[in-house]
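Shown below: structure-v9.pdb, with PDB, C-alpha atoms.
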```
MODEL        1
ATOM      1  CA  MET Z   1     107.160 115.532  79.175
ATOM      2  CA  ARG Z   2     105.872 115.720  75.628
ATOM      3  CA  ARG Z   3     108.061 117.834  73.402
ATOM      4  CA  LYS Z   4     106.331 120.837  71.846
ATOM      5  CA  MET Z   5     106.214 120.412  68.091
ATOM      6  CA  LYS Z   6     107.165 123.218  65.763
ATOM      7  CA  TYR Z   7     104.617 123.403  62.952
ATOM      8  CA  SER Z   8     106.291 123.962  59.611
ATOM      9  CA  LEU Z   9     106.526 122.260  56.250
ATOM     10  CA  ILE Z  10     108.228 118.866  56.447
ATOM     11  CA  GLU Z  11     111.080 119.155  53.987
ATOM     12  CA  ASN Z  12     111.629 115.450  53.386
ATOM     13  CA  GLU Z  13     108.974 114.254  50.934
ATOM     14  CA  ALA Z  14     108.851 110.673  52.215
ATOM     15  CA  SER Z  15     108.434 111.866  55.797
ATOM     16  CA  ARG Z  16     105.821 114.374  54.677
ATOM     17  CA  LYS Z  17     103.782 111.639  52.987
ATOM     18  CA  ARG Z  18     103.975 109.352  56.037
ATOM     19  CA  SER Z  19     102.880 112.216  58.282
ATOM     20  CA  PHE Z  20     100.012 113.049  55.939
ATOM     21  CA  ILE Z  21      98.676 109.501  55.925
ATOM     22  CA  LYS Z  22      98.935 109.178  59.700
ATOM     23  CA  ARG Z  23      97.329 112.536  60.447
ATOM     24  CA  LYS Z  24      94.578 111.997  57.868
ATOM     25  CA  LYS Z  25      93.516 108.806  59.620
ATOM     26  CA  ARG Z  26      93.595 110.587  62.955
ATOM     27  CA  MET Z  27      91.469 113.434  61.606
ATOM     28  CA  MET Z  28      88.879 111.012  60.180
ATOM     29  CA  LYS Z  29      88.679 109.292  63.553
ATOM     30  CA  LYS Z  30      88.120 112.619  65.320
ATOM     31  CA  LEU Z  31      85.392 113.566  62.836
ATOM     32  CA  ALA Z  32      83.636 110.243  63.436
ATOM     33  CA  GLN Z  33      83.824 110.760  67.201
ATOM     34  CA  LEU Z  34      82.519 114.319  66.913
ATOM     35  CA  SER Z  35      79.604 113.204  64.766
ATOM     36  CA  THR Z  36      78.682 110.316  67.075
ATOM     37  CA  LEU Z  37      79.123 112.052  70.429
ATOM     38  CA  SER Z  38      77.553 115.373  69.453
ATOM     39  CA  ASP Z  39      74.975 114.089  66.952
ATOM     40  CA  ILE Z  40      76.010 116.591  64.286
ATOM     41  CA  LYS Z  41      76.644 116.344  60.583
ATOM     42  CA  THR Z  42      80.299 116.377  59.584
ATOM     43  CA  CYS Z  43      82.241 115.863  56.400
ATOM     44  CA  ALA Z  44      85.725 116.338  55.006
ATOM     45  CA  VAL Z  45      87.081 116.843  51.501
ATOM     46  CA  ILE Z  46      90.825 116.414  51.121
ATOM     47  CA  TYR Z  47      92.926 117.360  48.128
ATOM     48  CA  SER Z  48      96.457 115.994  48.142
ATOM     49  CA  PRO Z  49      99.308 115.400  45.690
ATOM     50  CA  TYR Z  50      99.186 111.715  46.614
ATOM     51  CA  ASN Z  51      95.784 111.016  45.116
ATOM     52  CA  PRO Z  52      94.550 112.294  41.724
ATOM     53  CA  ASP Z  53      90.951 112.482  42.991
ATOM     54  CA  PRO Z  54      89.761 114.343  46.099
ATOM     55  CA  GLU Z  55      88.995 112.137  49.091
ATOM     56  CA  ALA Z  56      85.645 112.620  50.797
ATOM     57  CA  TRP Z  57      84.604 111.519  54.262
ATOM     58  CA  PRO Z  58      82.392 109.716  55.234
ATOM     59  CA  SER Z  59      81.731 109.234  51.513
ATOM     60  CA  ARG Z  60      81.278 111.363  48.447
ATOM     61  CA  GLU Z  61      77.498 111.184  48.781
ATOM     62  CA  GLY Z  62      77.670 111.903  52.508
ATOM     63  CA  ALA Z  63      79.877 114.951  51.969
ATOM     64  CA  GLU Z  64      77.601 116.248  49.205
ATOM     65  CA  LYS Z  65      74.565 115.860  51.493
ATOM     66  CA  VAL Z  66      76.199 117.839  54.331
ATOM     67  CA  ILE Z  67      77.304 120.590  51.945
ATOM     68  CA  SER Z  68      73.855 120.701  50.327
ATOM     69  CA  ASP Z  69      72.148 121.045  53.719
ATOM     70  CA  PHE Z  70      74.575 123.794  54.646
ATOM     71  CA  MET Z  71      73.891 125.733  51.452
ATOM     72  CA  GLU Z  72      70.143 125.607  52.155
ATOM     73  CA  VAL Z  73      70.657 127.601  55.343
ATOM     74  CA  SER Z  74      69.953 131.313  54.838
ATOM     75  CA  THR Z  75      72.981 133.539  54.317
ATOM     76  CA  GLY Z  76      72.278 135.484  57.491
ATOM     77  CA  ASP Z  77      72.065 132.371  59.695
ATOM     78  CA  ARG Z  78      75.043 130.859  57.947
ATOM     79  CA  ASN Z  79      77.302 133.877  58.426
ATOM     80  CA  LYS Z  80      76.158 134.296  62.021
ATOM     81  CA  ARG Z  81      77.993 131.113  62.972
ATOM     82  CA  MET Z  82      80.981 131.513  60.688
ATOM     83  CA  PHE Z  83      84.262 133.045  61.782
ATOM     84  CA  ASP Z  84      87.224 134.014  59.703
ATOM     85  CA  GLN Z  85      90.549 134.609  61.392
ATOM     86  CA  GLU Z  86      90.031 138.373  61.591
ATOM     87  CA  ARG Z  87      86.592 138.131  63.197
ATOM     88  CA  LEU Z  88      87.800 135.458  65.600
ATOM     89  CA  LEU Z  89      90.622 137.731  66.725
ATOM     90  CA  HIS Z  90      88.281 140.723  67.141
ATOM     91  CA  VAL Z  91      85.857 138.682  69.258
ATOM     92  CA  GLY Z  92      88.694 137.319  71.372
ATOM     93  CA  ILE Z  93      90.172 140.790  71.901
ATOM     94  CA  ALA Z  94      86.769 142.225  72.839
ATOM     95  CA  LYS Z  95      86.230 139.491  75.445
ATOM     96  CA  GLU Z  96      89.655 140.016  76.987
ATOM     97  CA  GLU Z  97      89.174 143.797  77.069
ATOM     98  CA  ALA Z  98      85.834 143.323  78.852
ATOM     99  CA  LYS Z  99      87.494 141.039  81.406
ATOM    100  CA  LEU Z 100      90.301 143.553  81.909
ATOM    101  CA  GLN Z 101      87.857 146.417  82.419
ATOM    102  CA  LYS Z 102      85.872 144.379  84.947
ATOM    103  CA  MET Z 103      89.061 143.563  86.857
ATOM    104  CA  ARG Z 104      90.043 147.241  86.892
ATOM    105  CA  THR Z 105      86.616 148.243  88.183
ATOM    106  CA  ASP Z 106      86.629 145.522  90.854
ATOM    107  CA  ASN Z 107      90.124 146.505  91.987
ATOM    108  CA  GLN Z 108      89.190 150.177  92.118
ATOM    109  CA  ASN Z 109      86.072 149.473  94.183
ATOM    110  CA  PHE Z 110      88.064 147.218  96.500
ATOM    111  CA  GLU Z 111      90.689 149.923  97.050
ATOM    112  CA  ILE Z 112      88.052 152.587  97.727
ATOM    113  CA  GLN Z 113      86.228 150.263 100.109
ATOM    114  CA  ASN Z 114      89.460 149.687 102.031
ATOM    115  CA  ILE Z 115      90.008 153.456 102.226
ATOM    116  CA  MET Z 116      86.450 153.951 103.484
ATOM    117  CA  PHE Z 117      86.790 151.416 106.284
ATOM    118  CA  GLY Z 118      90.267 152.723 107.041
ATOM    119  CA  CYS Z 119      88.727 156.153 107.608
ATOM    120  CA  LEU Z 120      85.950 154.678 109.725
ATOM    121  CA  LYS Z 121      88.509 152.940 111.936
ATOM    122  CA  GLY Z 122      90.634 156.054 112.213
ATOM    123  CA  GLU Z 123      93.530 154.439 110.375
ATOM    124  CA  ILE Z 124      93.379 156.890 107.458
ATOM    125  CA  ASP Z 125      93.064 160.675 107.624
ATOM    126  CA  VAL Z 126      90.567 161.640 104.947
ATOM    127  CA  HIS Z 127      92.057 165.145 104.748
ATOM    128  CA  LYS Z 128      95.359 163.711 103.579
ATOM    129  CA  LEU Z 129      93.785 162.021 100.564
ATOM    130  CA  GLY Z 130      94.166 163.534  97.109
ATOM    131  CA  GLN Z 131      91.319 165.345  95.405
ATOM    132  CA  LYS Z 132      90.564 162.438  93.074
ATOM    133  CA  ASP Z 133      90.569 159.925  95.942
ATOM    134  CA  ARG Z 134      88.208 162.117  97.980
ATOM    135  CA  GLU Z 135      85.819 162.431  95.045
ATOM    136  CA  ASP Z 136      85.873 158.676  94.438
ATOM    137  CA  LEU Z 137      85.411 158.014  98.141
ATOM    138  CA  SER Z 138      82.497 160.457  98.361
ATOM    139  CA  SER Z 139      80.736 158.808  95.423
ATOM    140  CA  PHE Z 140      81.407 155.337  96.802
ATOM    141  CA  ILE Z 141      80.035 156.262 100.244
ATOM    142  CA  ASP Z 142      76.868 157.748  98.717
ATOM    143  CA  THR Z 143      76.297 154.551  96.752
ATOM    144  CA  TYR Z 144      77.130 152.401  99.763
ATOM    145  CA  ILE Z 145      74.674 154.235 102.032
ATOM    146  CA  ASN Z 146      71.939 154.111  99.395
ATOM    147  CA  LYS Z 147      72.360 150.353  99.120
ATOM    148  CA  LEU Z 148      72.248 149.944 102.893
ATOM    149  CA  ILE Z 149      69.043 151.997 103.009
ATOM    150  CA  CYS Z 150      67.511 149.924 100.229
ATOM    151  CA  ARG Z 151      68.508 146.733 101.972
ATOM    152  CA  ARG Z 152      66.979 147.918 105.240
ATOM    153  CA  GLN Z 153      63.782 148.961 103.482
ATOM    154  CA  ASN Z 154      63.479 145.589 101.773
ATOM    155  CA  LEU Z 155      63.930 143.786 105.074
ATOM    156  CA  MET Z 156      61.324 145.968 106.782
ATOM    157  CA  GLU Z 157      58.825 145.474 103.957
ATOM    158  CA  ASN Z 158      59.229 141.715 104.303
ATOM    159  CA  GLY Z 159      58.461 141.950 108.022
ATOM    160  CA  GLU Z 160      62.033 141.268 109.092
ATOM    161  CA  SER Z 161      63.939 143.157 111.752
ATOM    162  CA  SER Z 162      66.724 145.491 110.716
ATOM    163  CA  SER Z 163      68.855 143.614 113.229
ATOM    164  CA  ARG Z 164      69.269 141.011 110.523
ATOM    165  CA  LEU Z 165      71.765 143.389 108.911
ATOM    166  CA  PRO Z 166      75.375 142.668 109.849
ATOM    167  CA  PRO Z 167      75.955 144.775 113.026
ATOM    168  CA  SER Z 168      79.426 145.883 111.949
ATOM    169  CA  VAL Z 169      78.095 147.195 108.657
ATOM    170  CA  VAL Z 170      75.310 149.183 110.299
ATOM    171  CA  ALA Z 171      77.539 150.602 113.001
ATOM    172  CA  ASP Z 172      80.449 151.479 110.768
ATOM    173  CA  ALA Z 173      78.432 152.870 107.923
ATOM    174  CA  VAL Z 174      75.889 154.919 109.882
ATOM    175  CA  VAL Z 175      77.181 155.825 113.330
ATOM    176  CA  VAL Z 176      80.805 156.729 112.622
ATOM    177  CA  PRO Z 177      81.235 159.994 110.661
ATOM    178  CA  VAL Z 178      83.696 160.199 107.766
ATOM    179  CA  GLY Z 179      85.378 163.522 107.076
ATOM    180  CA  ASP Z 180      83.369 166.676 106.531
ATOM    181  CA  TYR Z 181      81.020 165.476 103.802
ATOM    182  CA  ASP Z 182      77.912 167.560 104.453
ATOM    183  CA  HIS Z 183      76.125 166.065 101.484
ATOM    184  CA  MET Z 184      76.121 162.689 103.245
ATOM    185  CA  ASN Z 185      73.768 164.113 105.872
ATOM    186  CA  GLN Z 186      71.578 165.465 103.113
ATOM    187  CA  ASN Z 187      71.598 162.043 101.537
ATOM    188  CA  GLN Z 188      70.433 160.431 104.764
ATOM    189  CA  ASN Z 189      67.583 162.956 105.065
ATOM    190  CA  GLN Z 190      66.323 161.807 101.686
ATOM    191  CA  GLN Z 191      66.063 158.143 102.579
ATOM    192  CA  LYS Z 192      62.331 157.872 102.053
ATOM    193  CA  SER Z 193      62.570 159.207  98.513
ATOM    194  CA  ILE Z 194      65.113 156.674  97.337
ATOM    195  CA  GLN Z 195      63.820 154.205  94.770
ATOM    196  CA  CYS Z 196      64.907 150.670  95.635
ATOM    197  CA  GLN Z 197      64.767 147.860  93.112
ATOM    198  CA  GLY Z 198      65.399 144.752  95.130
ATOM    199  CA  TRP Z 199      69.131 145.294  95.648
ATOM    200  CA  ARG Z 200      71.063 142.562  97.391
ATOM    201  CA  PRO Z 201      74.484 143.331  98.908
ATOM    202  CA  HIS Z 202      77.438 141.781  97.134
ATOM    203  CA  GLY Z 203      81.058 142.338  97.972
ATOM    204  CA  LEU Z 204      80.426 145.445 100.079
ATOM    205  CA  GLU Z 205      80.678 143.933 103.533
ATOM    206  CA  PRO Z 206      83.836 144.876 105.444
ATOM    207  CA  SER Z 207      86.525 142.228 105.583
ATOM    208  CA  PRO Z 208      86.986 140.679 109.053
ATOM    209  CA  THR Z 209      89.984 142.035 110.964
TER     210      THR Z 209
ENDMDL
END
```
What does this structure look like when you write it as structure tokens?
Amino acid sequence: MRRKMKYSLIENEASRKRSFIKRKKRMMKKLAQLSTLSDIKTCAVIYSPYNPDPEAWPSREGAEKVISDFMEVSTGDRNKRMFDQERLLHVGIAKEEAKLQKMRTDNQNFEIQNIMFGCLKGEIDVHKLGQKDREDLSSFIDTYINKLICRRQNLMENGESSSRLPPSVVADAVVVPVGDYDHMNQNQNQQKSIQCQGWRPHGLEPSPT
């Protein structure tokens, strides 16, 4: 197993110089590969205590050409693709927070779905749920029924039989009552007024037992 290297200043000057020369060659090789494989313009300018003049790759003229082309790009377009450490961290944090929120939402919907089917199977007494759970369950059931209605309507409009719906979903969601939610009956009476926008079921089918 390759030992993890601790990045810090190399105290010994001779070792530091050897490491610099070796890593500089490696970096130049990587730049050449990046330029060839990706067909992009690359350059490097290196200042070091081991050479009185700055070193340019692939050449001084080549580096000047890349820098000149870069400076001709408008400030807005240039900054749009540039990241400092602070911006990079903010973008990374925002992405991770979005992932975390999506996972929380997915987990919450999964838990509510399990409660709903538990009630339908008689495994859970809806009256023993807390107020918040009942409210979440009520909202989830309304949304679930609306999506089933939309799905059925889309199938009927396309000339397909409603029997194409999974039988367990239809039976569990429509035939078996859940608790004393009167507004669910009102919701079902308003089926024809629901506006459907081509919904397709995803992740709402009951898990096989």
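Between atom CA of Z:Lys4 and atom CA of Z:Arg23 the separation is 16.7 Å.
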**Request:** Could you list the residues chosen by the PyMOL selection byres ((chain Z and resi 46-53) around 10) in this structure as a list in words?
**Result:**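 Applying the PyMOL selection byres ((chain Z and resi 46-53) around 10) to the structure shown produces Lys17, Phe20, Ile21, Lys24, Ala44, Val45, Pro54, Glu55, Ala56 and Trp57 of chain Z.
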**Asked** Applied to this file, what does the PyMOL selection byres ((chain Z and resi 63-74) around 12) return in terms of residues, put as a list in words?
**Response**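 Taken on the displayed file, the PyMOL selection byres ((chain Z and resi 63-74) around 12) yields the residues Ser35, Ile40, Lys41, Thr42, Cys43, Ala44, Val45, Ile46, Pro54, Glu55, Ala56, Trp57, Pro58, Ser59, Arg60, Glu61, Gly62, Thr75, Gly76, Asp77, Arg78, Asn79, Lys80, Arg81 and Met82 of chain Z.
Going from atom CA of Z:Gln85 to atom CA of Z:Ala32 covers 25.4 Å.
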**Prompt:** Using only C-alpha atoms, can you list as a PyMOL selection string the residues within 10 Å of (85.2, 159.1, 100.0)?
**Reply:** chain Z and resi 112-113+115-116+119+126+129+131-142+178-179+181
Box in all listed atoms of stretch 110-126 of chain Z, axis-aligned, with 6 Å more on each side; write out centre and edge lengths in Å to one decimal as lines of an AutoDock Vina configuration file.
```
center_x = 89.7
center_y = 154.4
center_z = 104.4
size_x = 19.6
size_y = 26.4
size_z = 27.7
```
**Item:** d(atom CA of Z:Glu97, atom CA of Z:Gly130) in Å
**Value:**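 Atom-to-atom, atom CA of Z:Glu97 to atom CA of Z:Gly130, that is 28.6 Å.
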Can I get all heavy atoms for stretch 125-139 of chain Z, as a compact mmCIF listing (two decimals), in the first residue's frame?
```
# COMPACT_ATOMS: atom_id res chain seq x y z
N ASP Z 125 -52.19 1.54 13.30
CA ASP Z 125 -53.42 2.23 13.68
C ASP Z 125 -53.21 3.72 13.48
O ASP Z 125 -52.40 4.34 14.17
CB ASP Z 125 -53.79 1.93 15.13
CG ASP Z 125 -55.15 2.53 15.52
OD1 ASP Z 125 -55.73 3.27 14.70
OD2 ASP Z 125 -55.62 2.23 16.64
N VAL Z 126 -53.92 4.29 12.51
CA VAL Z 126 -53.71 5.69 12.18
C VAL Z 126 -54.01 6.61 13.36
O VAL Z 126 -53.45 7.68 13.50
CB VAL Z 126 -54.57 6.09 10.96
CG1 VAL Z 126 -56.04 6.07 11.30
CG2 VAL Z 126 -54.16 7.46 10.40
N HIS Z 127 -54.92 6.17 14.25
CA HIS Z 127 -55.30 7.00 15.39
C HIS Z 127 -54.20 7.09 16.44
O HIS Z 127 -54.24 7.95 17.31
CB HIS Z 127 -56.59 6.46 16.03
CG HIS Z 127 -57.74 6.45 15.08
ND1 HIS Z 127 -58.35 7.60 14.64
CD2 HIS Z 127 -58.39 5.42 14.46
CE1 HIS Z 127 -59.33 7.30 13.82
NE2 HIS Z 127 -59.37 5.98 13.68
N LYS Z 128 -53.23 6.19 16.36
CA LYS Z 128 -52.13 6.22 17.31
C LYS Z 128 -50.95 7.04 16.83
O LYS Z 128 -49.94 7.18 17.53
CB LYS Z 128 -51.67 4.78 17.61
CG LYS Z 128 -52.71 3.96 18.35
CD LYS Z 128 -52.18 2.57 18.68
CE LYS Z 128 -53.23 1.76 19.45
NZ LYS Z 128 -52.72 0.40 19.79
N LEU Z 129 -51.05 7.58 15.62
CA LEU Z 129 -49.99 8.42 15.08
C LEU Z 129 -50.05 9.80 15.72
O LEU Z 129 -51.11 10.27 16.13
CB LEU Z 129 -50.12 8.55 13.56
CG LEU Z 129 -49.98 7.26 12.75
CD1 LEU Z 129 -50.24 7.55 11.28
CD2 LEU Z 129 -48.59 6.66 12.93
N GLY Z 130 -48.92 10.48 15.78
CA GLY Z 130 -48.88 11.85 16.28
C GLY Z 130 -49.52 12.81 15.30
O GLY Z 130 -49.76 12.49 14.13
N GLN Z 131 -49.79 14.02 15.79
CA GLN Z 131 -50.46 15.02 14.97
C GLN Z 131 -49.66 15.33 13.71
O GLN Z 131 -50.21 15.40 12.61
CB GLN Z 131 -50.67 16.30 15.79
CG GLN Z 131 -51.34 17.44 15.03
CD GLN Z 131 -52.77 17.12 14.62
OE1 GLN Z 131 -53.42 16.30 15.27
NE2 GLN Z 131 -53.25 17.73 13.56
N LYS Z 132 -48.35 15.50 13.87
CA LYS Z 132 -47.50 15.83 12.72
C LYS Z 132 -47.49 14.68 11.70
O LYS Z 132 -47.58 14.92 10.49
CB LYS Z 132 -46.07 16.10 13.20
CG LYS Z 132 -45.09 16.45 12.09
CD LYS Z 132 -45.44 17.79 11.46
CE LYS Z 132 -44.31 18.34 10.61
NZ LYS Z 132 -43.91 17.45 9.51
N ASP Z 133 -47.41 13.45 12.19
CA ASP Z 133 -47.42 12.30 11.28
C ASP Z 133 -48.75 12.20 10.53
O ASP Z 133 -48.78 11.87 9.34
CB ASP Z 133 -47.17 11.01 12.06
CG ASP Z 133 -45.73 10.89 12.54
OD1 ASP Z 133 -44.86 11.52 11.92
OD2 ASP Z 133 -45.48 10.18 13.52
N ARG Z 134 -49.85 12.47 11.22
CA ARG Z 134 -51.16 12.42 10.56
C ARG Z 134 -51.27 13.49 9.48
O ARG Z 134 -51.83 13.25 8.41
CB ARG Z 134 -52.27 12.57 11.59
CG ARG Z 134 -52.45 11.35 12.48
CD ARG Z 134 -53.83 11.33 13.15
NE ARG Z 134 -54.05 12.50 13.99
CZ ARG Z 134 -53.76 12.54 15.29
NH1 ARG Z 134 -53.20 11.49 15.88
NH2 ARG Z 134 -54.01 13.63 16.00
N GLU Z 135 -50.76 14.68 9.79
CA GLU Z 135 -50.81 15.76 8.79
C GLU Z 135 -49.96 15.40 7.56
O GLU Z 135 -50.38 15.60 6.42
CB GLU Z 135 -50.32 17.06 9.42
CG GLU Z 135 -51.27 17.63 10.47
CD GLU Z 135 -50.70 18.87 11.14
OE1 GLU Z 135 -49.54 19.22 10.84
OE2 GLU Z 135 -51.41 19.49 11.96
N ASP Z 136 -48.75 14.88 7.83
CA ASP Z 136 -47.88 14.49 6.71
C ASP Z 136 -48.51 13.36 5.91
O ASP Z 136 -48.46 13.36 4.68
CB ASP Z 136 -46.51 14.05 7.24
CG ASP Z 136 -45.70 15.21 7.81
OD1 ASP Z 136 -46.04 16.37 7.49
OD2 ASP Z 136 -44.74 14.96 8.56
N LEU Z 137 -49.10 12.41 6.61
CA LEU Z 137 -49.75 11.29 5.93
C LEU Z 137 -50.92 11.75 5.09
O LEU Z 137 -51.12 11.31 3.95
CB LEU Z 137 -50.21 10.26 6.96
CG LEU Z 137 -50.93 9.02 6.42
CD1 LEU Z 137 -50.03 8.25 5.46
CD2 LEU Z 137 -51.39 8.14 7.56
N SER Z 138 -51.73 12.67 5.63
CA SER Z 138 -52.88 13.19 4.90
C SER Z 138 -52.44 13.88 3.62
O SER Z 138 -53.01 13.66 2.55
CB SER Z 138 -53.65 14.17 5.79
OG SER Z 138 -54.69 14.81 5.07
N SER Z 139 -51.41 14.71 3.73
CA SER Z 139 -50.90 15.42 2.54
C SER Z 139 -50.34 14.44 1.53
O SER Z 139 -50.56 14.57 0.32
CB SER Z 139 -49.82 16.42 2.97
OG SER Z 139 -49.25 17.06 1.86
```
